[in-house]
Amino acid sequence: MIILKSSSEIAIMRVAGSIVAAVLEELRRVIRPGISLKQLDKKAEELTKNFGAIPAFKGYNGFPAALCASVNDEVVHGIPGNRVLKSGDIVGLDFGAIYQDFYADSAITVPVGDISPEAGKLLKVTEEALYKGIAAAKPGNRLYDISGAIQRHVESNGFSVVRDFVGHGIGRKMHEAPQIPNFVGNDFNPRLKPGMTLAIEPMVNEGSYEVEVDSDNWTVRTNDRKFSAHFEHTIAITDGEPEILTLLNTEILPRKV
């Protein structure tokens, strides 16, 4: 069942989203060759708690960290350990927060130092695909209008969309109905309505869409070991244009404690 949110509930999610955006923006700022994933995870958790929120991922189904950090051929759900980033890497940062019992979820993929033109194109196309999906998230459209907009942009640029992992509804739970594929299927395709809150998240591979899960039972990587990128926003369907809830808004950020 798809749960529609009230304006007051969306207002809380807007604050949660701004916290997530503030954390990701700070992580983007400090990323450089020589920093470890564990340092990024520690900073993400500290910042979230300073805003009076809870890191959403830590402990979720046993996940051991506050931040998902996925490097190069890692698609999603990378566990941040002692790995040190080097120039030429790309790192996907997926982060969520809980504020007043509501979730927000967002992801960016960040270049480390100087990256290859191919990697730069992958990042650009993946982020563009996210915004094309968001632009299709209007009342009266259907779910697969989002999926199709993402898939067309990705594939027209020579990349592939991951099939095994998808976006999702979000609200009082991290994962709510509906699932949001980044490709057009023939399954559940509801009409979009105001009050829906969705986490749209294209995961895009340089090569094949096929992926596998590491022995840690979390880290997802490309089968062919080519690079992958991931961008995500939490949005709300409104009567008009979709609203991105995971944008930084300093006016509504809780005061740091």
# chains A, B, ... in the order shown; residues from 1 in each chain; ligands from 1
>>> residues_around(residues="segment 143-153 of chain A", least_positions_apart="3", cutoff="9 Å", atoms="only C-alpha atoms", output="VMD selection string")
chain A and resid 125 to 126 128 to 137 156 to 157 159 to 161 178 180 to 185 188 to 192 200 202
>>> write_last_selection(atoms="N, CA and C atoms", output="PDB file, in the first residue's frame")
ATOM      1  N   VAL A 125      26.166  11.832 -16.646  1.00  0.00           N
ATOM      2  CA  VAL A 125      24.970  11.203 -17.201  1.00  0.00           C
ATOM      3  C   VAL A 125      24.070  10.658 -16.082  1.00  0.00           C
ATOM      4  N   THR A 126      24.678  10.077 -15.038  1.00  0.00           N
ATOM      5  CA  THR A 126      23.885   9.519 -13.938  1.00  0.00           C
ATOM      6  C   THR A 126      23.126  10.615 -13.201  1.00  0.00           C
ATOM      7  N   GLU A 128      22.309  13.571 -14.439  1.00  0.00           N
ATOM      8  CA  GLU A 128      21.275  14.056 -15.360  1.00  0.00           C
ATOM      9  C   GLU A 128      20.074  13.127 -15.380  1.00  0.00           C
ATOM     10  N   ALA A 129      20.327  11.805 -15.355  1.00  0.00           N
ATOM     11  CA  ALA A 129      19.235  10.834 -15.369  1.00  0.00           C
ATOM     12  C   ALA A 129      18.347  10.988 -14.138  1.00  0.00           C
ATOM     13  N   LEU A 130      18.963  11.261 -12.986  1.00  0.00           N
ATOM     14  CA  LEU A 130      18.182  11.494 -11.773  1.00  0.00           C
ATOM     15  C   LEU A 130      17.203  12.644 -11.989  1.00  0.00           C
ATOM     16  N   TYR A 131      17.686  13.748 -12.525  1.00  0.00           N
ATOM     17  CA  TYR A 131      16.815  14.913 -12.677  1.00  0.00           C
ATOM     18  C   TYR A 131      15.776  14.709 -13.778  1.00  0.00           C
ATOM     19  N   LYS A 132      16.079  13.911 -14.766  1.00  0.00           N
ATOM     20  CA  LYS A 132      15.067  13.588 -15.770  1.00  0.00           C
ATOM     21  C   LYS A 132      13.956  12.719 -15.150  1.00  0.00           C
ATOM     22  N   GLY A 133      14.349  11.807 -14.257  1.00  0.00           N
ATOM     23  CA  GLY A 133      13.350  11.022 -13.545  1.00  0.00           C
ATOM     24  C   GLY A 133      12.490  11.884 -12.648  1.00  0.00           C
ATOM     25  N   ILE A 134      13.119  12.809 -11.941  1.00  0.00           N
ATOM     26  CA  ILE A 134      12.364  13.703 -11.057  1.00  0.00           C
ATOM     27  C   ILE A 134      11.387  14.550 -11.863  1.00  0.00           C
ATOM     28  N   ALA A 135      11.813  15.044 -13.020  1.00  0.00           N
ATOM     29  CA  ALA A 135      10.949  15.899 -13.835  1.00  0.00           C
ATOM     30  C   ALA A 135       9.682  15.164 -14.285  1.00  0.00           C
ATOM     31  N   ALA A 136       9.758  13.839 -14.374  1.00  0.00           N
ATOM     32  CA  ALA A 136       8.588  13.041 -14.786  1.00  0.00           C
ATOM     33  C   ALA A 136       7.671  12.702 -13.621  1.00  0.00           C
ATOM     34  N   ALA A 137       8.045  13.091 -12.407  1.00  0.00           N
ATOM     35  CA  ALA A 137       7.286  12.713 -11.208  1.00  0.00           C
ATOM     36  C   ALA A 137       6.177  13.731 -10.936  1.00  0.00           C
ATOM     37  N   SER A 156      20.895   5.930 -23.935  1.00  0.00           N
ATOM     38  CA  SER A 156      21.248   6.729 -25.107  1.00  0.00           C
ATOM     39  C   SER A 156      22.678   7.252 -25.012  1.00  0.00           C
ATOM     40  N   ASN A 157      23.236   7.220 -23.822  1.00  0.00           N
ATOM     41  CA  ASN A 157      24.626   7.639 -23.627  1.00  0.00           C
ATOM     42  C   ASN A 157      25.590   6.463 -23.511  1.00  0.00           C
ATOM     43  N   PHE A 159      25.477   3.732 -21.511  1.00  0.00           N
ATOM     44  CA  PHE A 159      25.637   3.093 -20.207  1.00  0.00           C
ATOM     45  C   PHE A 159      24.438   2.173 -19.940  1.00  0.00           C
ATOM     46  N   SER A 160      24.436   1.511 -18.789  1.00  0.00           N
ATOM     47  CA  SER A 160      23.341   0.603 -18.446  1.00  0.00           C
ATOM     48  C   SER A 160      22.835   0.883 -17.041  1.00  0.00           C
ATOM     49  N   VAL A 161      21.546   0.598 -16.827  1.00  0.00           N
ATOM     50  CA  VAL A 161      20.967   0.782 -15.493  1.00  0.00           C
ATOM     51  C   VAL A 161      20.921  -0.571 -14.774  1.00  0.00           C
ATOM     52  N   PRO A 178       5.921   2.523  -3.389  1.00  0.00           N
ATOM     53  CA  PRO A 178       6.229   1.466  -4.351  1.00  0.00           C
ATOM     54  C   PRO A 178       7.731   1.353  -4.594  1.00  0.00           C
ATOM     55  N   ILE A 180      10.742   1.600  -7.206  1.00  0.00           N
ATOM     56  CA  ILE A 180      10.901   2.499  -8.353  1.00  0.00           C
ATOM     57  C   ILE A 180      12.072   2.019  -9.201  1.00  0.00           C
ATOM     58  N   PRO A 181      11.822   1.162 -10.184  1.00  0.00           N
ATOM     59  CA  PRO A 181      12.910   0.697 -11.044  1.00  0.00           C
ATOM     60  C   PRO A 181      13.464   1.847 -11.893  1.00  0.00           C
ATOM     61  N   ASN A 182      14.716   1.687 -12.307  1.00  0.00           N
ATOM     62  CA  ASN A 182      15.326   2.641 -13.234  1.00  0.00           C
ATOM     63  C   ASN A 182      15.213   2.145 -14.671  1.00  0.00           C
ATOM     64  N   PHE A 183      14.282   1.242 -14.888  1.00  0.00           N
ATOM     65  CA  PHE A 183      14.003   0.678 -16.199  1.00  0.00           C
ATOM     66  C   PHE A 183      12.507   0.373 -16.270  1.00  0.00           C
ATOM     67  N   VAL A 184      11.967   0.329 -17.456  1.00  0.00           N
ATOM     68  CA  VAL A 184      10.529   0.084 -17.624  1.00  0.00           C
ATOM     69  C   VAL A 184      10.262  -1.414 -17.581  1.00  0.00           C
ATOM     70  N   GLY A 185       9.367  -1.802 -16.691  1.00  0.00           N
ATOM     71  CA  GLY A 185       8.990  -3.203 -16.587  1.00  0.00           C
ATOM     72  C   GLY A 185       7.525  -3.392 -16.956  1.00  0.00           C
ATOM     73  N   PHE A 188       3.868  -3.524 -11.318  1.00  0.00           N
ATOM     74  CA  PHE A 188       3.062  -2.506 -10.654  1.00  0.00           C
ATOM     75  C   PHE A 188       3.411  -1.119 -11.193  1.00  0.00           C
ATOM     76  N   ASN A 189       2.435  -0.426 -11.753  1.00  0.00           N
ATOM     77  CA  ASN A 189       2.675   0.858 -12.413  1.00  0.00           C
ATOM     78  C   ASN A 189       1.598   1.858 -12.008  1.00  0.00           C
ATOM     79  N   PRO A 190       1.591   2.273 -10.737  1.00  0.00           N
ATOM     80  CA  PRO A 190       0.507   3.129 -10.258  1.00  0.00           C
ATOM     81  C   PRO A 190       0.593   4.539 -10.833  1.00  0.00           C
ATOM     82  N   ARG A 191      -0.549   5.219 -10.815  1.00  0.00           N
ATOM     83  CA  ARG A 191      -0.567   6.626 -11.189  1.00  0.00           C
ATOM     84  C   ARG A 191      -0.020   7.440 -10.014  1.00  0.00           C
ATOM     85  N   LEU A 192       0.747   8.471 -10.325  1.00  0.00           N
ATOM     86  CA  LEU A 192       1.363   9.302  -9.292  1.00  0.00           C
ATOM     87  C   LEU A 192       0.348  10.287  -8.731  1.00  0.00           C
ATOM     88  N   ILE A 200      14.167   8.409  -5.477  1.00  0.00           N
ATOM     89  CA  ILE A 200      14.520   8.072  -6.858  1.00  0.00           C
ATOM     90  C   ILE A 200      16.038   7.985  -6.929  1.00  0.00           C
ATOM     91  N   PRO A 202      18.905   6.483  -9.614  1.00  0.00           N
ATOM     92  CA  PRO A 202      19.574   5.744 -10.684  1.00  0.00           C
ATOM     93  C   PRO A 202      20.942   5.222 -10.249  1.00  0.00           C
TER      94      PRO A 202
END
>>> select_by_dssp(residues="segment 131-242 of chain A", states="strand (DSSP E or B)", output="VMD selection string")
chain A and resid 139 141 to 142 160 to 161 167 to 169 176 to 180 191 197 to 200 203 to 205 211 to 213 220 to 222 228 to 230 232 to 236
>>> select_by_dssp(residues="segment 121-257 of chain A", states="helix (DSSP H, G or I)", output="ChimeraX atom specification")
/A:121-135,143-156
>>> write_last_selection(atoms="C-alpha atoms", output="short mmCIF file (atom, residue, chain, number, x, y, z; two decimals), in the first residue's frame")
data_model
loop_
_atom_site.label_atom_id
_atom_site.label_comp_id
_atom_site.auth_asym_id
_atom_site.auth_seq_id
_atom_site.Cartn_x
_atom_site.Cartn_y
_atom_site.Cartn_z
CA LYS A 121 30.88 11.31 -18.30
CA LEU A 122 29.46 8.49 -16.15
CA LEU A 123 28.93 10.88 -13.23
CA LYS A 124 27.39 13.56 -15.45
CA VAL A 125 24.97 11.20 -17.20
CA THR A 126 23.89 9.52 -13.94
CA GLU A 127 23.11 12.84 -12.25
CA GLU A 128 21.28 14.06 -15.36
CA ALA A 129 19.24 10.83 -15.37
CA LEU A 130 18.18 11.49 -11.77
CA TYR A 131 16.82 14.91 -12.68
CA LYS A 132 15.07 13.59 -15.77
CA GLY A 133 13.35 11.02 -13.54
CA ILE A 134 12.36 13.70 -11.06
CA ALA A 135 10.95 15.90 -13.84
CA LEU A 143 5.55 5.31 -12.04
CA TYR A 144 7.14 3.98 -15.22
CA ASP A 145 7.26 7.50 -16.64
CA ILE A 146 10.01 8.08 -14.05
CA SER A 147 11.66 4.77 -14.91
CA GLY A 148 11.51 5.37 -18.65
CA ALA A 149 12.98 8.87 -18.43
CA ILE A 150 15.97 7.50 -16.51
CA GLN A 151 16.48 4.46 -18.73
CA ARG A 152 16.29 6.38 -22.00
CA HIS A 153 18.87 8.95 -20.93
CA VAL A 154 21.29 6.37 -19.56
CA GLU A 155 21.11 3.97 -22.49
CA SER A 156 21.25 6.73 -25.11
#
>>> residues_around(residues="Ser87 of chain A", least_positions_apart="6", cutoff="8 Å", atoms="only C-alpha atoms", output="PyMOL selection string")
chain A and resi 32-33+112-115
>>> closest_atom_pairs(of="segment 119-210 of chain A", to="segment 11-22 of chain A", cutoff="10 Å", atoms="only C-alpha atoms", output="JSON lines")
{"residue": "A:Ile170", "atom": "CA", "partner": "A:Met13", "partner_atom": "CA", "distance": 9.5}
{"residue": "A:Gly171", "atom": "CA", "partner": "A:Met13", "partner_atom": "CA", "distance": 7.5}
{"residue": "A:Arg172", "atom": "CA", "partner": "A:Met13", "partner_atom": "CA", "distance": 9.3}
{"residue": "A:Thr197", "atom": "CA", "partner": "A:Met13", "partner_atom": "CA", "distance": 9.1}
>>> write_last_selection(atoms="C-alpha atoms", output="PDB file, in the first residue's frame")
ATOM      1  CA  ILE A 170       9.972   6.482   1.916  1.00  0.00           C
ATOM      2  CA  GLY A 171       8.398   8.037   4.992  1.00  0.00           C
ATOM      3  CA  ARG A 172       8.047   6.599   8.481  1.00  0.00           C
ATOM      4  CA  THR A 197       7.163  10.578  -1.199  1.00  0.00           C
TER       5      THR A 197
END
>>> residues_around(residues="Phe95 of chain A", least_positions_apart="2", cutoff="12 Å", atoms="only C-alpha atoms", output="VMD selection string")
chain A and resid 16 to 25 27 40 to 41 43 to 45 47 to 48 54 to 58 65 to 70 76 to 78 92 to 93 97 to 98 103 to 109 174 199 230 to 234 246
>>> residues_around(residues="Gly195 of chain A", least_positions_apart="6", cutoff="12 Å", atoms="only C-alpha atoms", output="number ranges by chain")
A: 2-11, 13, 137-139, 169-171, 235-240, 242-243
>>> closest_residue(among="A:Phe165, A:Phe51, A:Ser208, A:Lys38", to="Val220 of chain A", atoms="only C-alpha atoms")
A:Phe165
